[in-house]
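Report on the following structure.
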Amino acid sequence: MKKTETHIVPKLFAPIRLQEYGVGIFDVALTKSALKKALKKRYIKVNDVVATSATFINGGERISLSISEEISLKKKLILQLKVLFEDDHLAVIHKPAGILVSGNSFKTITNALVRNIKRSTLPDATKPQPVHRLDFGTTGVLLVGKTSSSIRALNKLFEDKDIKKTYYATAIGEMDSEGEITTNIDGKASKSNYTLCKTVLSKRFGTLNLLRLEPQTGRRHQLRKHLSHIGHPILGDKVYGVEPLILNGKGLYLHAYSLQFTHPFTHEQLFLKEELPERFKKIFDSL
């Protein structure tokens, strides 16, 4: 027995390749890679014609995906998430530590979103999908798209560097009051700015610093790698820390504090934030 999902394409301003437009519109092919696999296996039709990776969408088409029930059957993850902001286009949630944003694991933020985010009432509503990533151990604000057009628009904002991201971290060792780190990551130009907010003395670590961090590029593990490179690894970082300064069992002291951007549809100026976790406040007790 086959399960069929159907999507009617709203009016578009310009033609777009199906493998770009279709990301997130089907429950059983949420990601770009899953959509490509579905196209390759000829599961997708546009106006009853089998689609390929070369198919373009102009607006008004009927897109359908048919797949065997036994393939599409999935468990539902029950994990309560804190929702910081939500409208028909997008949402912002708090990502807890110790969980992946996406991937092959069952326990991911992506799998938990459907039970925490209200379905959009707009014509191109889809399963809510994160539009960027935070590391397994990082806490804080995570941006989610709720419609196909929103997911594309938010991805474009990130690509164009029109979303300002601010993080806080606890770093080890005496530091200057501010700095700019431009070490290349994986052969690519990278830039992070930091401001020293507070310093406390520590018997074990000598000095612990509360840093405000503003990444200017978006490389994988950028802040962790940059701070480690200048000799001030983030507290709790088992990958980029150095012995004997690795703290076990307390998690990574890196927090995605805020996102600032212009809403791509309402044009409202948004500043969405999540306060520092208690474990930061225990170190810097006057926060």
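Please note that chains go A, B, ... in the order of the structure tokens, that every chain numbers its residues from 1, and that ligands are numbered from 1 in the order shown.
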Distance table requested - range 20-131 of chain A against range 269-279 of chain A, cut-off 12 Å, only C-alpha atoms: one row per qualifying residue with the closest atom pair and its distance in Å to one decimal, ordered by chain and rising residue number, as CSV.
```
residue,atom,partner,partner_atom,distance
A:Lys82,CA,A:Glu274,CA,10.1
A:Val83,CA,A:Glu274,CA,10.3
A:Leu84,CA,A:Leu272,CA,7.6
A:Phe85,CA,A:Leu272,CA,7.6
A:Glu86,CA,A:Leu272,CA,10.8
A:Leu90,CA,A:Leu270,CA,11.7
A:Ala91,CA,A:Leu272,CA,10.1
A:Val92,CA,A:Leu272,CA,7.6
A:Ile93,CA,A:Glu274,CA,9.0
A:His94,CA,A:Glu274,CA,7.1
A:Lys95,CA,A:Glu274,CA,9.8
A:Pro96,CA,A:Pro277,CA,9.8
A:Ala97,CA,A:Pro277,CA,10.3
```
Any chance you could export the current selection's N, CA, C and O atoms as a PDB file, in the first residue's frame?
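The result, written out as selection_30.pdb:
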```pdb
ATOM      1  N   LYS A  82      11.242  24.587  24.493  1.00  0.00           N
ATOM      2  CA  LYS A  82      10.794  25.932  24.847  1.00  0.00           C
ATOM      3  C   LYS A  82      10.724  26.772  23.567  1.00  0.00           C
ATOM      4  O   LYS A  82      11.725  26.936  22.864  1.00  0.00           O
ATOM      5  N   VAL A  83       9.530  27.288  23.252  1.00  0.00           N
ATOM      6  CA  VAL A  83       9.338  28.118  22.066  1.00  0.00           C
ATOM      7  C   VAL A  83       9.446  29.585  22.481  1.00  0.00           C
ATOM      8  O   VAL A  83       8.699  30.072  23.329  1.00  0.00           O
ATOM      9  N   LEU A  84      10.385  30.305  21.869  1.00  0.00           N
ATOM     10  CA  LEU A  84      10.650  31.701  22.221  1.00  0.00           C
ATOM     11  C   LEU A  84       9.871  32.683  21.359  1.00  0.00           C
ATOM     12  O   LEU A  84       9.573  33.796  21.782  1.00  0.00           O
ATOM     13  N   PHE A  85       9.566  32.271  20.121  1.00  0.00           N
ATOM     14  CA  PHE A  85       8.828  33.134  19.190  1.00  0.00           C
ATOM     15  C   PHE A  85       8.210  32.243  18.125  1.00  0.00           C
ATOM     16  O   PHE A  85       8.794  31.242  17.722  1.00  0.00           O
ATOM     17  N   GLU A  86       7.019  32.649  17.657  1.00  0.00           N
ATOM     18  CA  GLU A  86       6.383  31.863  16.609  1.00  0.00           C
ATOM     19  C   GLU A  86       5.350  32.699  15.877  1.00  0.00           C
ATOM     20  O   GLU A  86       4.576  33.439  16.481  1.00  0.00           O
ATOM     21  N   LEU A  90       7.743  31.443  10.693  1.00  0.00           N
ATOM     22  CA  LEU A  90       8.953  30.934  11.340  1.00  0.00           C
ATOM     23  C   LEU A  90       8.763  30.815  12.844  1.00  0.00           C
ATOM     24  O   LEU A  90       7.771  31.279  13.404  1.00  0.00           O
ATOM     25  N   ALA A  91       9.726  30.192  13.471  1.00  0.00           N
ATOM     26  CA  ALA A  91       9.718  30.054  14.934  1.00  0.00           C
ATOM     27  C   ALA A  91      11.160  30.082  15.427  1.00  0.00           C
ATOM     28  O   ALA A  91      12.097  29.830  14.663  1.00  0.00           O
ATOM     29  N   VAL A  92      11.316  30.399  16.695  1.00  0.00           N
ATOM     30  CA  VAL A  92      12.615  30.326  17.351  1.00  0.00           C
ATOM     31  C   VAL A  92      12.426  29.511  18.625  1.00  0.00           C
ATOM     32  O   VAL A  92      11.515  29.783  19.409  1.00  0.00           O
ATOM     33  N   ILE A  93      13.270  28.493  18.788  1.00  0.00           N
ATOM     34  CA  ILE A  93      13.170  27.651  19.978  1.00  0.00           C
ATOM     35  C   ILE A  93      14.496  27.663  20.744  1.00  0.00           C
ATOM     36  O   ILE A  93      15.527  28.060  20.200  1.00  0.00           O
ATOM     37  N   HIS A  94      14.433  27.235  21.989  1.00  0.00           N
ATOM     38  CA  HIS A  94      15.651  27.038  22.780  1.00  0.00           C
ATOM     39  C   HIS A  94      16.137  25.615  22.561  1.00  0.00           C
ATOM     40  O   HIS A  94      15.404  24.653  22.793  1.00  0.00           O
ATOM     41  N   LYS A  95      17.372  25.503  22.087  1.00  0.00           N
ATOM     42  CA  LYS A  95      17.977  24.185  21.932  1.00  0.00           C
ATOM     43  C   LYS A  95      18.695  23.820  23.224  1.00  0.00           C
ATOM     44  O   LYS A  95      19.605  24.515  23.648  1.00  0.00           O
ATOM     45  N   PRO A  96      18.303  22.717  23.858  1.00  0.00           N
ATOM     46  CA  PRO A  96      19.018  22.271  25.058  1.00  0.00           C
ATOM     47  C   PRO A  96      20.349  21.622  24.698  1.00  0.00           C
ATOM     48  O   PRO A  96      20.573  21.236  23.545  1.00  0.00           O
ATOM     49  N   ALA A  97      21.220  21.498  25.676  1.00  0.00           N
ATOM     50  CA  ALA A  97      22.500  20.805  25.461  1.00  0.00           C
ATOM     51  C   ALA A  97      22.258  19.304  25.326  1.00  0.00           C
ATOM     52  O   ALA A  97      21.247  18.771  25.790  1.00  0.00           O
TER      53      ALA A  97
END
```
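The residues of range 160-268 of chain A that DSSP assigns to alpha helix (DSSP H) on this backbone come out as Gln222, Leu223, Arg224, Lys225, His226, Leu227, Ser228 and His229 of chain A.
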Writing out the chosen residues with N, CA and C atoms as a PDB file, in the first residue's frame:
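Okay, again12.pdb is ready:
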```
ATOM      1  N   GLN A 222      33.397  26.971  14.428  1.00  0.00           N
ATOM      2  CA  GLN A 222      34.259  28.157  14.291  1.00  0.00           C
ATOM      3  C   GLN A 222      34.692  28.753  15.615  1.00  0.00           C
ATOM      4  N   LEU A 223      33.761  29.050  16.499  1.00  0.00           N
ATOM      5  CA  LEU A 223      34.110  29.707  17.761  1.00  0.00           C
ATOM      6  C   LEU A 223      35.000  28.817  18.618  1.00  0.00           C
ATOM      7  N   ARG A 224      34.697  27.544  18.639  1.00  0.00           N
ATOM      8  CA  ARG A 224      35.493  26.600  19.428  1.00  0.00           C
ATOM      9  C   ARG A 224      36.917  26.516  18.894  1.00  0.00           C
ATOM     10  N   LYS A 225      37.050  26.433  17.580  1.00  0.00           N
ATOM     11  CA  LYS A 225      38.375  26.341  16.968  1.00  0.00           C
ATOM     12  C   LYS A 225      39.156  27.640  17.127  1.00  0.00           C
ATOM     13  N   HIS A 226      38.484  28.773  16.935  1.00  0.00           N
ATOM     14  CA  HIS A 226      39.165  30.059  17.037  1.00  0.00           C
ATOM     15  C   HIS A 226      39.718  30.300  18.439  1.00  0.00           C
ATOM     16  N   LEU A 227      38.898  30.051  19.453  1.00  0.00           N
ATOM     17  CA  LEU A 227      39.358  30.290  20.819  1.00  0.00           C
ATOM     18  C   LEU A 227      40.453  29.304  21.220  1.00  0.00           C
ATOM     19  N   SER A 228      40.335  28.078  20.766  1.00  0.00           N
ATOM     20  CA  SER A 228      41.392  27.105  21.041  1.00  0.00           C
ATOM     21  C   SER A 228      42.697  27.512  20.372  1.00  0.00           C
ATOM     22  N   HIS A 229      42.613  28.038  19.158  1.00  0.00           N
ATOM     23  CA  HIS A 229      43.810  28.428  18.404  1.00  0.00           C
ATOM     24  C   HIS A 229      44.593  29.539  19.110  1.00  0.00           C
TER      25      HIS A 229
END
```
Ser190 in chain A: which residues within 10 Å, counting only C-alpha atoms, same-chain residues fewer than 4 positions away excluded, as a PyMOL selection string? chain A and resi 181-186+215-219+222-223+226
Could the residues in this selection be saved with N, CA and C atoms as a PDB file, in the first residue's frame?
```pdb
ATOM      1  N   ILE A 181      39.679  37.377  15.781  1.00  0.00           N
ATOM      2  CA  ILE A 181      40.385  36.143  15.421  1.00  0.00           C
ATOM      3  C   ILE A 181      40.087  35.834  13.960  1.00  0.00           C
ATOM      4  N   THR A 182      41.146  35.678  13.162  1.00  0.00           N
ATOM      5  CA  THR A 182      40.962  35.494  11.713  1.00  0.00           C
ATOM      6  C   THR A 182      41.645  34.226  11.193  1.00  0.00           C
ATOM      7  N   THR A 183      41.884  33.279  12.066  1.00  0.00           N
ATOM      8  CA  THR A 183      42.508  32.019  11.653  1.00  0.00           C
ATOM      9  C   THR A 183      41.643  31.292  10.626  1.00  0.00           C
ATOM     10  N   ASN A 184      42.237  30.836   9.539  1.00  0.00           N
ATOM     11  CA  ASN A 184      41.494  30.060   8.546  1.00  0.00           C
ATOM     12  C   ASN A 184      41.001  28.748   9.149  1.00  0.00           C
ATOM     13  N   ILE A 185      39.824  28.311   8.701  1.00  0.00           N
ATOM     14  CA  ILE A 185      39.261  27.040   9.133  1.00  0.00           C
ATOM     15  C   ILE A 185      39.006  26.188   7.893  1.00  0.00           C
ATOM     16  N   ASP A 186      39.603  25.005   7.877  1.00  0.00           N
ATOM     17  CA  ASP A 186      39.494  24.107   6.724  1.00  0.00           C
ATOM     18  C   ASP A 186      39.869  24.821   5.423  1.00  0.00           C
ATOM     19  N   PRO A 215      30.437  35.839  15.616  1.00  0.00           N
ATOM     20  CA  PRO A 215      31.060  35.240  14.434  1.00  0.00           C
ATOM     21  C   PRO A 215      30.658  36.008  13.177  1.00  0.00           C
ATOM     22  N   GLN A 216      31.641  36.336  12.355  1.00  0.00           N
ATOM     23  CA  GLN A 216      31.371  37.059  11.105  1.00  0.00           C
ATOM     24  C   GLN A 216      31.258  36.108   9.918  1.00  0.00           C
ATOM     25  N   THR A 217      31.692  34.871  10.119  1.00  0.00           N
ATOM     26  CA  THR A 217      31.534  33.813   9.122  1.00  0.00           C
ATOM     27  C   THR A 217      30.917  32.608   9.824  1.00  0.00           C
ATOM     28  N   GLY A 218      30.558  31.588   9.060  1.00  0.00           N
ATOM     29  CA  GLY A 218      29.818  30.472   9.649  1.00  0.00           C
ATOM     30  C   GLY A 218      30.462  29.122   9.432  1.00  0.00           C
ATOM     31  N   ARG A 219      31.735  29.011   9.762  1.00  0.00           N
ATOM     32  CA  ARG A 219      32.423  27.725   9.587  1.00  0.00           C
ATOM     33  C   ARG A 219      32.038  26.747  10.702  1.00  0.00           C
ATOM     34  N   GLN A 222      33.397  26.971  14.428  1.00  0.00           N
ATOM     35  CA  GLN A 222      34.259  28.157  14.291  1.00  0.00           C
ATOM     36  C   GLN A 222      34.692  28.753  15.615  1.00  0.00           C
ATOM     37  N   LEU A 223      33.761  29.050  16.499  1.00  0.00           N
ATOM     38  CA  LEU A 223      34.110  29.707  17.761  1.00  0.00           C
ATOM     39  C   LEU A 223      35.000  28.817  18.618  1.00  0.00           C
ATOM     40  N   HIS A 226      38.484  28.773  16.935  1.00  0.00           N
ATOM     41  CA  HIS A 226      39.165  30.059  17.037  1.00  0.00           C
ATOM     42  C   HIS A 226      39.718  30.300  18.439  1.00  0.00           C
TER      43      HIS A 226
END
```
What's around Arg133 in chain A at 12 Å? Count only C-alpha atoms, leave out sequence neighbours fewer than 5 positions away in its own chain, and write the answer as number ranges by chain. A: 95, 99-103, 108-110, 138-144, 155, 158, 218-221, 256
Using only C-alpha atoms, can you tell me which of A:Leu210, A:Ala153, A:Leu18, A:Ile172 comes closest to Ile57 in chain A? A:Leu18
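Among A:Asn209, A:Gln260, A:Thr126, A:Asn248, the residue with the shortest atom-to-atom distance to Ala169 in chain A, counting only C-alpha atoms, is A:Asn209.
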Between CA of Gly145 in chain A and CA of Ser258 in chain A lies a distance of 16.8 Å
Excluding Gly241 in chain A and its own-chain neighbours fewer than 2 positions away, which residues fall within 10 Å of it when counting only C-alpha atoms? Please give them as a VMD selection string. chain A and resid 172 224 to 225 227 to 229 231 to 239 243 to 247
Nearest residue to Tyr240 in chain A out of A:Phe205, A:Ala171, A:Gly22, A:Asn193, using only C-alpha atoms? A:Ala171
Taking the DSSP assignment computed from this structure's backbone, write out as a ChimeraX atom specification all residues of range 48-231 of chain A that belong to strand (DSSP E or B). /A:49-50,56-57,62-68,82-86,90-95,100,108,125-130,139-147,164-172,178-181,185,188,192-202,206-215
Excluding Glu61 in chain A and any residue of its chain fewer than 2 positions from it, enumerate the residues within 7 Å of it, using only C-alpha atoms, and give them as a PDB file with C-alpha atoms, in the first residue's frame.
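Final output, saved to part-v6.pdb:
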```
ATOM      1  CA  ILE A   8       0.075  22.760  -4.581  1.00  0.00           C
ATOM      2  CA  VAL A   9       2.695  25.339  -5.518  1.00  0.00           C
ATOM      3  CA  VAL A  46       4.659  17.182 -11.078  1.00  0.00           C
ATOM      4  CA  ASN A  47       1.206  17.397 -12.661  1.00  0.00           C
ATOM      5  CA  GLY A  59       3.898  28.204  -9.798  1.00  0.00           C
ATOM      6  CA  ILE A  63       3.503  18.037  -6.755  1.00  0.00           C
TER       7      ILE A  63
END
```
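Counting from CA of Leu259 in chain A, the distance to CA of His132 in chain A is 11.5 Å.
Separating CA of Lys164 in chain A from CA of Asp88 in chain A is a distance of 22.0 Å.
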